[in-house]
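What follows is data-v4.cif (mmCIF, C-alpha atoms and all ligand atoms).
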data_start
loop_
_atom_site.label_atom_id
_atom_site.label_comp_id
_atom_site.auth_asym_id
_atom_site.auth_seq_id
_atom_site.Cartn_x
_atom_site.Cartn_y
_atom_site.Cartn_z
CA MET A 1 -25.56 -9.15 22.43
CA GLU A 2 -26.81 -7.02 19.54
CA LYS A 3 -24.31 -6.03 16.85
CA LEU A 4 -24.12 -2.80 14.91
CA GLY A 5 -22.07 -2.71 11.69
CA ILE A 6 -20.52 0.61 10.65
CA VAL A 7 -20.59 1.26 6.89
CA GLY A 8 -19.42 4.27 4.95
CA LEU A 9 -17.18 5.59 2.24
CA THR A 10 -13.53 5.78 3.04
CA ASN A 11 -12.52 8.80 5.21
CA ALA A 12 -16.11 9.36 6.40
CA GLY A 13 -15.04 9.12 10.04
CA LYS A 14 -16.11 5.53 10.71
CA SER A 15 -13.13 4.60 12.88
CA THR A 16 -13.35 7.97 14.63
CA LEU A 17 -16.92 7.06 15.63
CA PHE A 18 -15.97 3.48 16.47
CA ASN A 19 -13.17 4.60 18.79
CA ALA A 20 -15.37 7.16 20.48
CA LEU A 21 -18.10 4.58 21.08
CA THR A 22 -15.85 1.79 22.30
CA GLY A 23 -12.86 3.57 23.85
CA LEU A 24 -10.54 1.61 21.53
CA ASP A 25 -7.70 3.06 19.48
CA THR A 26 -8.05 1.64 15.98
CA PRO A 27 -6.09 3.69 13.43
CA VAL A 28 -7.65 6.94 12.23
CA ALA A 29 -5.82 8.85 9.48
CA PRO A 30 -6.46 11.39 6.73
CA HIS A 31 -5.91 9.01 3.84
CA PRO A 32 -8.28 6.51 2.23
CA PHE A 33 -8.43 2.87 3.34
CA THR A 34 -6.85 3.34 6.74
CA THR A 35 -8.94 0.50 8.11
CA THR A 36 -8.09 -2.86 6.60
CA GLU A 37 -8.95 -5.19 9.47
CA THR A 38 -12.41 -5.69 10.87
CA THR A 39 -12.60 -4.81 14.56
CA VAL A 40 -15.41 -5.70 16.96
CA ALA A 41 -15.80 -4.13 20.39
CA GLU A 42 -18.42 -3.35 22.99
CA ALA A 43 -19.87 0.09 23.45
CA VAL A 44 -21.71 1.28 26.53
CA VAL A 45 -25.15 2.69 25.94
CA PRO A 46 -25.32 5.57 28.42
CA ASP A 47 -28.45 5.44 30.54
CA PRO A 48 -29.20 8.13 33.13
CA ARG A 49 -31.73 5.78 34.74
CA VAL A 50 -28.85 3.57 35.90
CA ASP A 51 -27.18 6.62 37.45
CA ALA A 52 -30.36 7.68 39.22
CA LEU A 53 -31.14 4.24 40.65
CA GLY A 54 -27.51 3.60 41.54
CA GLU A 55 -27.20 6.85 43.43
CA LEU A 56 -30.41 6.19 45.31
CA HIS A 57 -29.27 2.78 46.54
CA ARG A 58 -25.59 3.65 46.85
CA SER A 59 -24.87 0.75 44.53
CA ARG A 60 -21.25 -0.38 44.60
CA LYS A 61 -21.35 -1.18 40.89
CA LEU A 62 -23.22 0.24 37.93
CA VAL A 63 -23.82 -1.87 34.86
CA TYR A 64 -25.01 -0.05 31.75
CA PRO A 65 -26.50 -1.64 28.67
CA HIS A 66 -23.99 -2.69 26.03
CA ILE A 67 -23.99 -3.14 22.31
CA GLN A 68 -21.34 -4.56 19.98
CA VAL A 69 -19.97 -2.35 17.24
CA VAL A 70 -18.11 -3.56 14.14
CA ASP A 71 -15.70 -1.33 12.22
CA ILE A 72 -14.89 -2.45 8.69
CA ALA A 73 -12.86 -1.12 5.75
CA GLY A 74 -14.26 1.86 3.87
CA LEU A 75 -16.15 1.44 0.62
CA THR A 76 -15.60 3.38 -2.55
CA SER A 77 -17.60 3.63 -5.76
CA GLY A 78 -16.95 0.54 -7.84
CA ALA A 79 -16.04 -1.63 -4.82
CA SER A 80 -18.29 -4.38 -6.17
CA HIS A 81 -16.02 -4.50 -9.23
CA GLY A 82 -12.88 -4.52 -7.11
CA ALA A 83 -12.18 -0.78 -6.75
CA GLY A 84 -10.39 0.27 -3.56
CA LEU A 85 -10.27 -2.70 -1.21
CA GLY A 86 -13.19 -4.36 -3.03
CA ASN A 87 -16.24 -5.50 -1.09
CA ARG A 88 -15.20 -8.83 0.41
CA PHE A 89 -15.24 -7.40 3.91
CA LEU A 90 -18.98 -6.77 3.57
CA GLY A 91 -19.21 -10.43 4.54
CA HIS A 92 -18.45 -9.22 8.09
CA LEU A 93 -21.77 -7.42 8.02
CA ARG A 94 -23.73 -10.59 7.44
CA GLU A 95 -24.13 -11.33 11.14
CA VAL A 96 -24.78 -7.80 12.34
CA ASP A 97 -28.28 -6.85 13.48
CA ALA A 98 -28.34 -3.33 12.08
CA LEU A 99 -26.35 -1.02 9.83
CA LEU A 100 -24.91 2.27 10.97
CA PHE A 101 -24.16 4.48 7.98
CA VAL A 102 -21.53 7.16 8.55
CA LEU A 103 -22.08 9.95 6.02
CA ARG A 104 -19.51 12.68 5.71
CA ALA A 105 -20.65 16.30 5.70
CA PHE A 106 -17.45 17.86 6.98
CA ALA A 107 -15.14 19.59 4.53
CA ASP A 108 -11.44 19.39 5.28
CA ALA A 109 -8.76 20.02 2.70
CA LYS A 110 -6.44 17.63 4.56
CA VAL A 111 -8.86 14.73 4.31
CA PRO A 112 -9.52 13.48 0.75
CA GLY A 113 -13.10 12.75 -0.21
CA ASP A 114 -16.41 14.51 -0.73
CA ALA A 115 -18.54 16.16 1.92
CA ASP A 116 -21.89 15.31 0.35
CA PRO A 117 -23.79 12.97 2.67
CA VAL A 118 -26.67 12.24 0.28
CA ALA A 119 -24.34 11.44 -2.63
CA SER A 120 -22.33 9.23 -0.24
CA LEU A 121 -25.45 7.34 0.75
CA GLU A 122 -26.39 6.85 -2.90
CA ALA A 123 -22.93 5.50 -3.71
CA LEU A 124 -23.03 3.17 -0.69
CA GLU A 125 -26.46 1.89 -1.65
CA VAL A 126 -25.23 0.96 -5.10
CA GLU A 127 -22.36 -1.05 -3.62
CA LEU A 128 -24.42 -2.76 -0.93
CA THR A 129 -27.22 -3.57 -3.34
CA LEU A 130 -24.81 -5.08 -5.87
CA ALA A 131 -23.18 -7.17 -3.15
CA ASP A 132 -26.62 -8.44 -2.09
CA LEU A 133 -27.55 -9.14 -5.68
CA ALA A 134 -24.49 -11.37 -6.01
CA SER A 135 -25.43 -13.22 -2.78
CA VAL A 136 -29.01 -13.75 -3.93
CA GLU A 137 -27.89 -15.01 -7.31
CA ALA A 138 -25.56 -17.52 -5.67
CA ALA A 139 -28.36 -18.66 -3.36
CA LEU A 140 -30.80 -18.90 -6.26
CA GLU A 141 -28.49 -21.16 -8.19
CA ARG A 142 -28.36 -23.55 -5.24
CA ARG A 143 -32.09 -23.42 -4.53
CA ARG A 144 -33.04 -23.93 -8.17
CA LYS A 145 -31.09 -27.18 -8.22
CA VAL A 146 -32.94 -28.33 -5.13
CA ALA A 147 -36.31 -27.23 -6.56
CA ARG A 148 -35.85 -29.45 -9.63
CA THR A 149 -36.32 -32.51 -7.48
CA SER A 150 -38.28 -31.09 -4.52
CA PRO A 151 -41.31 -29.02 -5.52
CA GLN A 152 -41.70 -27.67 -1.94
CA ALA A 153 -38.62 -25.50 -2.57
CA ARG A 154 -40.32 -23.71 -5.47
CA PRO A 155 -42.08 -20.95 -3.49
CA GLU A 156 -38.73 -20.03 -1.98
CA VAL A 157 -37.19 -19.83 -5.45
CA ALA A 158 -40.02 -17.56 -6.57
CA ALA A 159 -39.55 -15.32 -3.52
CA LEU A 160 -35.81 -15.12 -4.10
CA GLU A 161 -36.41 -14.25 -7.76
CA SER A 162 -38.63 -11.35 -6.74
CA ILE A 163 -35.92 -10.17 -4.34
CA GLN A 164 -33.37 -10.51 -7.11
CA SER A 165 -35.38 -8.20 -9.34
CA LEU A 166 -35.79 -5.62 -6.57
CA LEU A 167 -32.02 -5.56 -6.06
CA ALA A 168 -31.36 -5.53 -9.80
CA GLU A 169 -33.51 -2.40 -10.04
CA GLY A 170 -31.21 -0.87 -7.41
CA THR A 171 -33.59 -1.00 -4.43
CA PRO A 172 -31.90 -1.78 -1.11
CA LEU A 173 -34.20 -4.05 0.87
CA TYR A 174 -34.52 -1.78 3.91
CA ARG A 175 -36.50 0.51 1.59
CA ALA A 176 -38.62 -2.23 0.03
CA SER A 177 -41.91 -3.40 1.48
CA LEU A 178 -41.45 -7.14 1.59
CA SER A 179 -44.10 -9.85 1.76
CA GLU A 180 -44.06 -12.59 4.39
CA ASP A 181 -42.78 -15.07 1.77
CA GLN A 182 -39.97 -12.77 0.81
CA ARG A 183 -38.99 -12.26 4.44
CA ALA A 184 -39.00 -15.99 5.06
CA ALA A 185 -36.78 -16.58 2.00
CA LEU A 186 -34.32 -13.96 3.28
CA ARG A 187 -33.68 -15.78 6.54
CA SER A 188 -31.22 -18.16 4.94
CA VAL A 189 -29.44 -15.64 2.70
CA PHE A 190 -28.19 -12.99 5.19
CA LEU A 191 -28.36 -9.92 3.00
CA VAL A 192 -26.79 -6.70 4.16
CA THR A 193 -29.57 -4.37 3.01
CA ALA A 194 -32.25 -6.51 4.67
CA LYS A 195 -31.12 -5.13 8.04
CA PRO A 196 -32.59 -2.08 9.72
CA ALA A 197 -30.44 1.01 9.27
CA LEU A 198 -29.63 4.27 10.99
CA ALA A 199 -27.42 7.10 9.79
CA VAL A 200 -24.91 9.40 11.42
CA VAL A 201 -24.03 12.55 9.52
CA ASN A 202 -20.52 13.67 10.40
CA LEU A 203 -20.78 17.46 10.59
CA GLU A 204 -18.29 20.24 10.85
CA GLU A 205 -17.97 21.84 14.29
CA ASP A 206 -20.74 24.42 14.79
CA ALA A 207 -22.63 23.14 11.74
CA GLU A 208 -26.22 21.95 11.88
CA LEU A 209 -27.86 19.27 9.83
CA ASP A 210 -29.48 20.80 6.76
CA PRO A 211 -33.19 19.83 6.92
CA GLN A 212 -33.18 18.96 3.22
CA VAL A 213 -30.28 16.59 3.72
CA ASP A 214 -32.06 15.10 6.71
CA ALA A 215 -35.22 14.54 4.66
CA ALA A 216 -33.30 13.08 1.71
CA ILE A 217 -31.55 10.56 3.96
CA ARG A 218 -34.77 9.57 5.68
CA SER A 219 -36.57 9.07 2.42
CA ARG A 220 -33.83 6.70 1.29
CA LEU A 221 -33.42 4.73 4.51
CA GLY A 222 -37.12 4.35 5.23
CA ASP A 223 -39.54 5.90 7.74
CA ARG A 224 -38.21 4.00 10.71
CA ALA A 225 -34.58 4.96 10.21
CA PRO A 226 -33.22 7.44 12.75
CA VAL A 227 -30.81 10.11 11.49
CA VAL A 228 -28.35 11.56 14.01
CA ALA A 229 -25.85 14.32 13.26
CA GLY A 230 -22.84 15.74 15.04
CA PRO A 231 -19.15 16.61 14.76
CA LEU A 232 -17.59 13.19 15.34
CA ALA A 233 -13.95 14.31 15.52
CA LEU A 234 -14.80 16.79 18.27
CA GLU A 235 -16.96 14.29 20.13
CA ALA A 236 -14.20 11.72 19.95
CA GLU A 237 -11.96 14.20 21.74
CA LEU A 238 -14.61 15.04 24.30
CA VAL A 239 -15.09 11.43 25.41
CA ARG A 240 -11.43 11.25 26.35
CA LEU A 241 -11.81 14.03 28.91
CA PRO A 242 -12.63 13.44 32.57
CA PRO A 243 -16.46 13.53 33.00
CA ALA A 244 -16.62 16.85 34.88
CA GLU A 245 -14.51 18.62 32.29
CA ARG A 246 -16.47 17.06 29.46
CA ILE A 247 -19.83 18.14 30.89
CA GLU A 248 -18.57 21.69 31.34
CA LEU A 249 -17.20 21.85 27.80
CA MET A 250 -20.36 20.37 26.34
CA ALA A 251 -22.47 22.93 28.17
CA GLY A 252 -20.18 25.68 26.85
CA LEU A 253 -20.57 24.35 23.32
CA GLY A 254 -24.33 24.05 23.72
CA ILE A 255 -24.30 20.25 23.25
CA GLU A 256 -27.05 18.72 25.34
CA LEU A 257 -26.83 15.06 24.51
CA SER A 258 -23.73 13.81 22.78
CA THR A 259 -24.02 12.34 19.31
CA LEU A 260 -22.60 9.14 20.73
CA ASP A 261 -25.44 8.87 23.25
CA ARG A 262 -27.96 9.55 20.52
CA VAL A 263 -26.40 6.94 18.24
CA ALA A 264 -26.48 4.32 20.97
CA ARG A 265 -30.11 5.09 21.80
CA ALA A 266 -31.16 5.15 18.16
CA ALA A 267 -29.55 1.73 17.72
CA PHE A 268 -31.59 0.36 20.63
CA GLU A 269 -34.68 1.90 19.11
CA ILE A 270 -34.34 0.27 15.69
CA LEU A 271 -33.34 -3.03 17.25
CA GLU A 272 -36.43 -2.85 19.45
CA ARG A 273 -34.33 -3.37 22.53
CA TRP A 274 -35.75 -2.29 25.83
CA THR A 275 -34.14 -2.12 29.24
CA PHE A 276 -35.23 -3.20 32.68
CA PHE A 277 -33.27 -2.77 35.89
CA THR A 278 -32.39 -4.58 39.06
CA THR A 279 -31.13 -2.34 41.80
CA GLY A 280 -29.70 -2.56 45.29
CA GLU A 281 -26.57 -1.91 47.31
CA LYS A 282 -24.59 -4.54 45.46
CA ASP A 283 -25.30 -3.13 42.03
CA THR A 284 -27.67 -1.35 39.74
CA HIS A 285 -27.82 -3.41 36.61
CA ALA A 286 -29.41 -2.60 33.26
CA TRP A 287 -30.64 -5.67 31.39
CA THR A 288 -31.71 -5.51 27.78
CA PHE A 289 -34.53 -7.51 26.30
CA HIS A 290 -36.51 -7.63 23.14
CA ARG A 291 -39.65 -5.50 23.24
CA GLY A 292 -42.63 -7.71 24.00
CA ALA A 293 -40.83 -10.16 26.31
CA ASN A 294 -42.75 -11.32 29.38
CA ALA A 295 -41.61 -11.36 33.00
CA GLN A 296 -40.42 -14.95 32.88
CA ALA A 297 -38.36 -14.37 29.74
CA CYS A 298 -36.85 -11.27 31.33
CA ALA A 299 -36.00 -13.26 34.47
CA GLY A 300 -34.10 -15.57 32.13
CA VAL A 301 -32.03 -12.65 30.86
CA ILE A 302 -30.61 -12.37 34.40
CA HIS A 303 -30.10 -16.10 34.88
CA SER A 304 -31.73 -19.23 33.48
CA ASP A 305 -32.48 -20.41 37.06
CA LEU A 306 -34.66 -17.36 37.58
CA ALA A 307 -36.76 -18.25 34.55
CA ARG A 308 -36.93 -21.95 35.46
CA GLY A 309 -37.95 -21.36 39.06
CA PHE A 310 -39.98 -18.21 38.35
CA ILE A 311 -42.76 -17.55 40.87
CA ARG A 312 -43.57 -13.85 40.61
CA ALA A 313 -42.00 -10.57 39.70
CA GLU A 314 -42.13 -7.49 41.88
CA VAL A 315 -42.37 -4.55 39.49
CA ALA A 316 -42.27 -0.76 39.67
CA THR A 317 -41.39 1.88 37.12
CA TRP A 318 -37.97 3.45 37.63
CA ARG A 319 -39.67 6.85 38.00
CA ASP A 320 -41.81 5.61 40.88
CA VAL A 321 -38.76 4.13 42.58
CA VAL A 322 -36.84 7.39 42.23
CA ALA A 323 -39.86 9.43 43.40
CA ALA A 324 -40.34 7.16 46.43
CA GLY A 325 -36.67 7.48 47.37
CA SER A 326 -35.70 3.80 47.18
CA TRP A 327 -36.98 0.36 46.22
CA ALA A 328 -37.83 -0.33 49.89
CA LYS A 329 -39.80 2.91 50.17
CA ALA A 330 -41.55 2.23 46.87
CA LYS A 331 -42.66 -1.09 48.36
CA ALA A 332 -43.78 0.52 51.59
CA THR A 333 -45.90 3.06 49.70
CA GLY A 334 -47.59 0.51 47.46
CA LYS A 335 -45.78 1.43 44.26
CA VAL A 336 -44.50 -2.10 43.73
CA ARG A 337 -46.91 -4.56 42.10
CA LEU A 338 -46.79 -8.33 41.99
CA GLU A 339 -46.92 -9.69 38.46
CA GLY A 340 -47.07 -13.19 37.02
CA ARG A 341 -45.01 -14.79 34.29
CA ASP A 342 -47.09 -13.37 31.43
CA TYR A 343 -46.69 -9.75 32.45
CA LEU A 344 -45.23 -7.81 29.50
CA VAL A 345 -42.25 -5.96 30.88
CA ASN A 346 -41.99 -2.28 30.01
CA ASP A 347 -38.94 -0.25 29.14
CA GLY A 348 -37.76 1.29 32.43
CA ASP A 349 -39.32 -1.27 34.79
CA VAL A 350 -37.41 -2.18 37.94
CA LEU A 351 -37.79 -5.88 38.72
CA GLU A 352 -37.17 -8.18 41.61
CA ILE A 353 -37.76 -11.80 40.72
CA ARG A 354 -39.09 -14.25 43.24
CA PHE A 355 -38.02 -17.73 42.31
CA ASN A 356 -37.49 -21.19 43.68
CA VAL A 357 -35.17 -23.81 42.23
N1 LIG A 401 -12.41 17.94 10.23
C1 LIG A 401 -12.87 16.75 10.58
N2 LIG A 401 -12.11 15.67 10.38
C2 LIG A 401 -12.60 14.48 10.72
C3 LIG A 401 -13.89 14.31 11.31
N3 LIG A 401 -14.11 13.00 11.54
C4 LIG A 401 -12.99 12.37 11.12
N4 LIG A 401 -12.08 13.24 10.63
C5 LIG A 401 -10.76 12.96 10.08
O1 LIG A 401 -10.92 12.28 8.85
C6 LIG A 401 -9.88 11.31 8.69
C7 LIG A 401 -10.50 9.94 8.44
O2 LIG A 401 -11.15 9.51 9.62
P1 LIG A 401 -11.33 7.95 9.93
O3 LIG A 401 -12.11 7.83 11.18
O4 LIG A 401 -10.02 7.24 9.83
O5 LIG A 401 -12.23 7.57 8.68
P2 LIG A 401 -12.72 6.11 8.21
O6 LIG A 401 -14.09 6.29 7.68
O7 LIG A 401 -12.52 5.12 9.26
O8 LIG A 401 -11.71 5.88 6.99
P3 LIG A 401 -11.23 4.49 6.33
O9 LIG A 401 -10.90 3.52 7.42
O10 LIG A 401 -10.02 4.88 5.54
O11 LIG A 401 -12.33 4.03 5.47
C8 LIG A 401 -9.02 11.38 9.94
O12 LIG A 401 -7.92 12.22 9.69
C9 LIG A 401 -9.96 12.04 10.96
O13 LIG A 401 -9.23 12.71 11.94
C10 LIG A 401 -14.66 15.49 11.56
O14 LIG A 401 -15.77 15.44 12.12
N5 LIG A 401 -14.11 16.68 11.16
MG MG A 402 -11.45 3.41 9.34
#
Would you write the structure of this file as structure tokens?
Ligand SMILES: Nc1nc2c(ncn2[C@@H]2O[C@H](COP(=O)(O)OP(=O)(O)OP(=O)(O)O)[C@@H](O)[C@H]2O)c(=O)[nH]1
Ligand SMILES: [Mg+2]
Amino acid sequence: MEKLGIVGLTNAGKSTLFNALTGLDTPVAPHPFTTTETTVAEAVVPDPRVDALGELHRSRKLVYPHIQVVDIAGLTSGASHGAGLGNRFLGHLREVDALLFVLRAFADAKVPGDADPVASLEALEVELTLADLASVEAALERRRKVARTSPQARPEVAALESIQSLLAEGTPLYRASLSEDQRAALRSVFLVTAKPALAVVNLEEDAELDPQVDAAIRSRLGDRAPVVAGPLALEAELVRLPPAERIELMAGLGIELSTLDRVARAAFEILERWTFFTTGEKDTHAWTFHRGANAQACAGVIHSDLARGFIRAEVATWRDVVAAGSWAKAKATGKVRLEGRDYLVNDGDVLEIRFNV
């Protein structure tokens, strides 16, 4: 399962977001460095397509896509030199697939810290880049020793040296355009800023994201980085309400899609995760796969037997299934196609795998 690592300055609202996404109750408090332990939990990625297909087939169980979220201690300026809790816990971000920056824009006299999201991002970048610089330098020392006796390691050393100078100039790697050689060299070093990033700006209630702030964040995180904004403390309260009440309140507040939903979707987007469905009376199940996977690989996401014994996939788009009224009716009206193993599955496809083991 894909992992998302939450990073931010202390008191930005990281644990507030984490709890709202995962339903957990890690400590949230108005003083710096509340979080000292790293916590990992699963978050549901809401998907109205699951609801629609499930309702249609009266599925007894609905399975939504999931993603893992990691909450770590807050950073502070100078963390790389030991300020605050230092930066050791950044090691927990080595295995995540993407970074989720939480940038504080809410002002609250009771909660110490600045409400300047762009300045926060700049401060975070300094700390993350310095941490990566230290990792690259350690790796370089090891690789240089190897390269003395094995010349084939020299291109890797050269690539790492070029990465070292990028980081030394203060460029986080998500903003750098890297060559193939540089990317290859990175695979064994696990740098934090080499991961795709998205940002959540934690707004005050009723506030909107200032377009200039939005643009400044995008220009730092790179063109592909989604920026989502919302009042996290309020949203964290909303998710604790019964669904009917929550929907009513959200409508009253003019919130169409919760920030949490948008964060989860944005994470899927940058991770290039797509979703296909299986649906019936037993369950409607969302399965996630990497964009570009073929029908046989997707069958393997359900069960390895289905990939091994793959014969054909019956495929329809979820919209066609919903328009037809059910999977059976979609079949009867010719909306379901037969596809072979090489068919590239689309986001939103409904599949039924024919197999034989
Ligand atoms: N007014 C307001 N307060 C918020 C908001 N989000 C979080 N807070 C408060 O800010 C304080 C810090 O929130 P946390 O979620 O603990 O922040 P954190 O980033 O996890 O902090 P550390 O773990 O200390 O790094 C808590 O008192 C929250 O209730 C918000 O959107 N508006
Ligand atoms: Mg925290």
Close residues to ligand MG 402 (chain A) using only C-alpha atoms and all ligand atoms, limit 8 Å, as JSON, numbers by chain: {"A": [10, 11, 13, 14, 15, 16, 26, 27, 28, 29, 33, 34, 35, 36, 71, 72, 73, 74]}
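Take atom O1 of ligand LIG 401 (chain A) and CA of Val227 in chain A: the distance between them is 20.2 Å.
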Residues within 10 Å of Val322 in chain A, all atoms listed in the file, excluding chain neighbours under 4 positions, as a ChimeraX atom specification: /A:49,52-53,55-57,317-318,326-327,329-330
Counting only C-alpha atoms, the option among A:Ile353, A:Ile67, A:Ala134, A:Ala229 closest to His303 in chain A: A:Ile353
Answer as a PyMOL selection string, residues within 8 Å of (-22.3, -0.2, 27.8) using all atoms listed in the file: chain A and resi 42-46+63-67
Within 12 Å of Ser219 in chain A using all atoms listed in the file, minus same-chain residues under 2 positions, as a ChimeraX atom specification: /A:118,121-122,174-176,199,212-217,221-227
Would you put the residues from that selection into a file with C-alpha atoms, as a compact mmCIF listing (two decimals), in the coordinates of the input?
# COMPACT_ATOMS: atom_id res chain seq x y z
CA VAL A 118 -26.67 12.24 0.28
CA LEU A 121 -25.45 7.34 0.75
CA GLU A 122 -26.39 6.85 -2.90
CA TYR A 174 -34.52 -1.78 3.91
CA ARG A 175 -36.50 0.51 1.59
CA ALA A 176 -38.62 -2.23 0.03
CA ALA A 199 -27.42 7.10 9.79
CA GLN A 212 -33.18 18.96 3.22
CA VAL A 213 -30.28 16.59 3.72
CA ASP A 214 -32.06 15.10 6.71
CA ALA A 215 -35.22 14.54 4.66
CA ALA A 216 -33.30 13.08 1.71
CA ILE A 217 -31.55 10.56 3.96
CA LEU A 221 -33.42 4.73 4.51
CA GLY A 222 -37.12 4.35 5.23
CA ASP A 223 -39.54 5.90 7.74
CA ARG A 224 -38.21 4.00 10.71
CA ALA A 225 -34.58 4.96 10.21
CA PRO A 226 -33.22 7.44 12.75
CA VAL A 227 -30.81 10.11 11.49
Padding 5 Å on every side, please: axis-aligned box over the listed atoms of range 77-88 of chain A, centre and edge lengths to one decimal in Å, as JSON.
{"center_x": -14.3, "center_y": -2.6, "center_z": -4.4, "size_x": 18.0, "size_y": 22.5, "size_z": 19.6}
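CA of Glu256 in chain A to CA of Leu241 in chain A spans 16.3 Å [interatomic distance, one decimal].
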